[in-house]
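*Asks:* Below you'll find the structure I mean.
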Amino acid sequence: MNKRMIVHMTGQIIRLESILLLLPLIVAFIYGESNCYLAYILTSGISFAVGSLTVMYSNPESKVIYAPEGFVITALSWVSLSLIGALPFVISGDIPSYTDAVFETVSGFTTTGASILTNVEALSHASLFWRSFTHFIGGMGVLVLMIAILPSSSARSIHILKAEVPGPTMGKLVPKLRSTAALLYIIYIALTLLQIIFLLFGGMPLYDSIIHAFGTAGTGGFGIKSDSIGGYSPYLQWVITIFMLIFGVNFNVYYLILIRKFRSIIHSQELWTYIGIVITSVVLVTVNIYSKFHDFGEALRHAAFQVSSIITTTGYATTDFDLWPDFSKNILFILMFIGGCAGSTAGGLKVSRIVLLFKQVKRSFNSMLHPRSVKAIRMDEKTVESTTLQNVNIYFALYMICLALIILLLGLENFSFETNFSAAVACFNNVGPGFSSVGPAYSYAGYSIGGKWLLSLAMLLGRLEIYPIILATLVFFSQRKYKA
């Protein structure tokens, strides 16, 4: 285990955060929020000092990164980012409790959108910006950003990319890893800027447009109003609906569009399954909630928005869907588990895993009917390797075990089963709002200190897809020397 390299890379990430903290500081100066000056200057200084000292004194003899190092670096980096990133909230007085600040920051970086705030409007412009900017950073991944901008990134950094980018598989779009990371961010930024333009065209103020574009791009869901998106015009709600769906698509699809490989897009089973699930869900929910709105256009808009918000695990809301009929709530609850496509900024199990699980079930039934037949599982006109299928099955098993443990421990909280169950699912799948006492009209403020730390861990487990957190713990304390 190359522990010096782990510390060295983590230090670089912490130092990078000091630069990112300068953006909300600029916002504080623009709006004249003097209480935030010290908060962001001090936190940026602490981050830079800790990161620089860590990089300086780690001095690794070998800069080789294997898979175990990749998992540990990813886990430590995300935890460090969250613990330091929570400081401005506390120092400025916007969120006095450090536990609450950590919960809000973890929710931001993991693009969950779960909040302990009961009055969002009370926060300063700088803190609201930092809160949503963490979505933008965490959506594509801060380690992906580091690989994209640091010239020293080695080919072995693929292990970091695999540990951070969600999905059953991760590959390079182009031969050079650094170019892959840069290309991902170029597409990511371009789509975000495009959304800002559409929001501005609809009359949304520039500040609001940037905040909501961050929340949509990272599929996080933090906003600047207590009613989320409910107070904005139907046009703006439709723009956000469309862009939520866009950011829920595998970014490989956009690369394929750039290089004009349309045949590969047409044969993408994950993409068509994702589109099919969305259309089916929207139709069913629209029909089911029509009686509440008595207007087809309004029912369709709310259904499309909420389905898009939940399946992409963004968490925005135009209305309190907890008041909808049980049939519609059940559909949204199922969508919480499915999530978006692999290689997107969305959370959940991912559509590709769901497809592969169903294909394996189908193959099992065929084997029972035809014991001598041997049929390979294919996806996107390619045979799926047995190791990929095994990884999907193991991940699903770990997913269910972790979720069961989180639900069990939340049972110690003084909330109903529906609240605790939906809170566990919403945080673990990085959705944000749940049902009952943690629905879109409420917050997570009522949970105890222990409950908030547990849900913060659940958000990290969900965003990093379990392996980095668990393997980092096992590898770091193991005496065995791991290699790729």
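We name chains A, B, ... following the order of the structure tokens; residues begin at 1 in each chain, and ligands are numbered from 1 as shown.
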List the neighbours of Phe103 of chain A out to 9 Å using only C-alpha atoms; skip same-chain residues closer than 3 positions along the sequence, and give me the result as an MDAnalysis selection string.
*Replies:* chainID A and resid 82 86 98:100 106:108 114:116 452:453 455:456
*Asks:* Only N, CA, C and O atoms, please: the residues just picked out, written as a compact mmCIF listing (two decimals), in the first residue's frame.
*Replies:*
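The file below, again-v1.txt, is the result:
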```txt
# COMPACT_ATOMS: atom_id res chain seq x y z
N SER A 82 -15.66 17.39 2.53
CA SER A 82 -16.90 17.68 3.25
C SER A 82 -16.64 18.29 4.62
O SER A 82 -17.30 19.26 5.02
N ALA A 86 -17.56 22.37 5.25
CA ALA A 86 -18.63 22.74 6.17
C ALA A 86 -18.27 23.97 7.02
O ALA A 86 -19.16 24.63 7.56
N TYR A 98 -22.01 22.45 13.70
CA TYR A 98 -21.06 21.81 12.79
C TYR A 98 -21.65 20.52 12.20
O TYR A 98 -21.45 20.22 11.02
N THR A 99 -22.39 19.78 13.02
CA THR A 99 -23.04 18.55 12.53
C THR A 99 -23.99 18.87 11.38
O THR A 99 -23.99 18.20 10.34
N ASP A 100 -24.82 19.91 11.58
CA ASP A 100 -25.75 20.31 10.53
C ASP A 100 -25.00 20.79 9.28
O ASP A 100 -25.41 20.51 8.16
N VAL A 106 -22.05 17.48 2.93
CA VAL A 106 -22.02 16.12 2.36
C VAL A 106 -23.17 15.97 1.36
O VAL A 106 -22.99 15.42 0.27
N SER A 107 -24.35 16.47 1.73
CA SER A 107 -25.50 16.42 0.84
C SER A 107 -25.22 17.17 -0.45
O SER A 107 -25.65 16.75 -1.53
N GLY A 108 -24.44 18.27 -0.34
CA GLY A 108 -24.08 19.04 -1.52
C GLY A 108 -23.10 18.31 -2.42
O GLY A 108 -23.35 18.12 -3.60
N ALA A 114 -30.61 16.56 0.24
CA ALA A 114 -31.29 16.51 1.53
C ALA A 114 -30.81 17.68 2.37
O ALA A 114 -29.62 18.00 2.36
N SER A 115 -31.71 18.33 3.11
CA SER A 115 -31.32 19.54 3.82
C SER A 115 -31.86 19.57 5.25
O SER A 115 -32.91 18.99 5.54
N ILE A 116 -31.11 20.22 6.12
CA ILE A 116 -31.56 20.43 7.50
C ILE A 116 -32.15 21.83 7.66
O ILE A 116 -32.60 22.20 8.74
N LYS A 452 -28.01 12.24 11.91
CA LYS A 452 -27.47 13.07 10.81
C LYS A 452 -26.12 12.56 10.33
O LYS A 452 -25.83 12.56 9.13
N TRP A 453 -25.27 12.11 11.25
CA TRP A 453 -23.98 11.55 10.85
C TRP A 453 -24.17 10.23 10.09
O TRP A 453 -23.47 9.95 9.12
N LEU A 455 -26.84 9.41 8.28
CA LEU A 455 -27.37 9.74 6.95
C LEU A 455 -26.29 10.38 6.07
O LEU A 455 -26.29 10.20 4.85
N SER A 456 -25.35 11.11 6.70
CA SER A 456 -24.22 11.66 5.94
C SER A 456 -23.36 10.53 5.38
O SER A 456 -22.92 10.58 4.23
```
*Asks:* Just want the 9 Å neighbourhood of segment 358-365 of chain A, counted on only C-alpha atoms, with same-chain residues fewer than 5 positions away dropped. Output as a VMD selection string.
*Replies:* chain A and resid 353 370 375 to 378 389
*Asks:* With C-alpha atoms kept, could you save the residues just selected as a compact mmCIF listing (two decimals), in the first residue's frame?
*Replies:*
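And here is the file that came out, out-v1.txt:
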```
# COMPACT_ATOMS: atom_id res chain seq x y z
CA ARG A 353 -27.43 -2.50 -13.64
CA HIS A 370 -33.44 -25.64 -21.58
CA LYS A 375 -26.56 -18.29 -23.86
CA ALA A 376 -24.33 -15.28 -23.38
CA ILE A 377 -25.79 -12.00 -22.14
CA ARG A 378 -25.44 -9.21 -24.66
CA LEU A 389 -22.08 -9.58 -14.32
```
*Asks:* Pick out the closest residue to Leu271 of chain A from this set: A:Met379, A:Val239, A:Ile210, A:Ser233. Count only C-alpha atoms.
*Replies:*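 Of A:Met379, A:Val239, A:Ile210, A:Ser233, the one nearest Leu271 of chain A is A:Met379, counting only C-alpha atoms.
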*Asks:* Give one line per residue of segment 334-389 of chain A that approaches segment 245-261 of chain A to at most 8 Å, naming the two atoms of the closest pair and their distance in Å to one decimal, counting only C-alpha atoms; sort by chain then ascending residue number and deliver it as a Markdown table.
*Replies:*
```
| residue | atom | partner | partner_atom | distance |
| --- | --- | --- | --- | --- |
| A:Gly340 | CA | A:Gly248 | CA | 4.8 |
| A:Cys341 | CA | A:Val249 | CA | 5.3 |
| A:Ala342 | CA | A:Asn250 | CA | 5.6 |
| A:Gly343 | CA | A:Asn250 | CA | 4.6 |
| A:Ser344 | CA | A:Asn250 | CA | 4.6 |
| A:Thr345 | CA | A:Gly248 | CA | 6.3 |
| A:Ala346 | CA | A:Gly248 | CA | 5.4 |
```
*Asks:* Would you save the residues of that selection, restricted to all heavy atoms, as a PDB file, in the first residue's frame?
*Replies:*
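Result went into again.pdb, see below:
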```pdb
ATOM      1  N   GLY A 340     -30.500   7.209 -12.553  1.00  0.00           N
ATOM      2  CA  GLY A 340     -30.203   7.531 -13.946  1.00  0.00           C
ATOM      3  C   GLY A 340     -29.294   6.507 -14.601  1.00  0.00           C
ATOM      4  O   GLY A 340     -29.154   5.375 -14.130  1.00  0.00           O
ATOM      5  N   CYS A 341     -28.677   6.913 -15.680  1.00  0.00           N
ATOM      6  CA  CYS A 341     -27.774   6.029 -16.423  1.00  0.00           C
ATOM      7  C   CYS A 341     -26.393   6.004 -15.784  1.00  0.00           C
ATOM      8  O   CYS A 341     -25.992   6.948 -15.093  1.00  0.00           O
ATOM      9  CB  CYS A 341     -27.642   6.504 -17.867  1.00  0.00           C
ATOM     10  SG  CYS A 341     -29.192   6.521 -18.794  1.00  0.00           S
ATOM     11  N   ALA A 342     -25.665   4.935 -16.031  1.00  0.00           N
ATOM     12  CA  ALA A 342     -24.266   4.862 -15.596  1.00  0.00           C
ATOM     13  C   ALA A 342     -23.486   5.941 -16.327  1.00  0.00           C
ATOM     14  O   ALA A 342     -23.792   6.282 -17.468  1.00  0.00           O
ATOM     15  CB  ALA A 342     -23.689   3.483 -15.924  1.00  0.00           C
ATOM     16  N   GLY A 343     -22.477   6.509 -15.662  1.00  0.00           N
ATOM     17  CA  GLY A 343     -21.681   7.544 -16.304  1.00  0.00           C
ATOM     18  C   GLY A 343     -22.368   8.888 -16.380  1.00  0.00           C
ATOM     19  O   GLY A 343     -21.916   9.789 -17.082  1.00  0.00           O
ATOM     20  N   SER A 344     -23.482   9.040 -15.642  1.00  0.00           N
ATOM     21  CA  SER A 344     -24.167  10.329 -15.561  1.00  0.00           C
ATOM     22  C   SER A 344     -23.891  10.924 -14.179  1.00  0.00           C
ATOM     23  O   SER A 344     -23.158  10.347 -13.381  1.00  0.00           O
ATOM     24  CB  SER A 344     -25.675  10.147 -15.747  1.00  0.00           C
ATOM     25  OG  SER A 344     -26.244   9.489 -14.621  1.00  0.00           O
ATOM     26  N   THR A 345     -24.498  12.064 -13.885  1.00  0.00           N
ATOM     27  CA  THR A 345     -24.323  12.649 -12.550  1.00  0.00           C
ATOM     28  C   THR A 345     -25.404  12.180 -11.588  1.00  0.00           C
ATOM     29  O   THR A 345     -25.437  12.611 -10.432  1.00  0.00           O
ATOM     30  CB  THR A 345     -24.349  14.195 -12.630  1.00  0.00           C
ATOM     31  OG1 THR A 345     -25.601  14.617 -13.174  1.00  0.00           O
ATOM     32  CG2 THR A 345     -23.210  14.714 -13.491  1.00  0.00           C
ATOM     33  N   ALA A 346     -26.311  11.317 -12.054  1.00  0.00           N
ATOM     34  CA  ALA A 346     -27.418  10.837 -11.227  1.00  0.00           C
ATOM     35  C   ALA A 346     -26.971   9.732 -10.274  1.00  0.00           C
ATOM     36  O   ALA A 346     -25.933   9.096 -10.461  1.00  0.00           O
ATOM     37  CB  ALA A 346     -28.547  10.336 -12.121  1.00  0.00           C
TER      38      ALA A 346
END
```
*Asks:* Would you please work out which residue, of A:Phe415, A:Phe133, A:Tyr232, A:Phe29, is nearest to Ser437 of chain A when using only C-alpha atoms?
*Replies:*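 The answer is A:Phe415, which sits nearest to Ser437 of chain A.
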*Asks:* Pick out each residue of segment 28-131 of chain A that DSSP on the backbone tags as helix (DSSP H, G or I); I need them as number ranges by chain.
*Replies:* A: 28-30, 34-58, 67-85, 87-92, 98-109, 120-122, 125-131
*Asks:* Which residues are close to Ile73 of chain A, i.e. within 7 Å by only C-alpha atoms, leaving aside same-chain residues fewer than 3 positions away? Reply as an MDAnalysis selection string.
*Replies:* chainID A and resid 6 9:10 69:70 76:77
*Asks:* Just the number, please: distance in Å from atom CA of Thr387 of chain A to atom CA of Gly141 of chain A, one decimal.
*Replies:* 25.3 Å
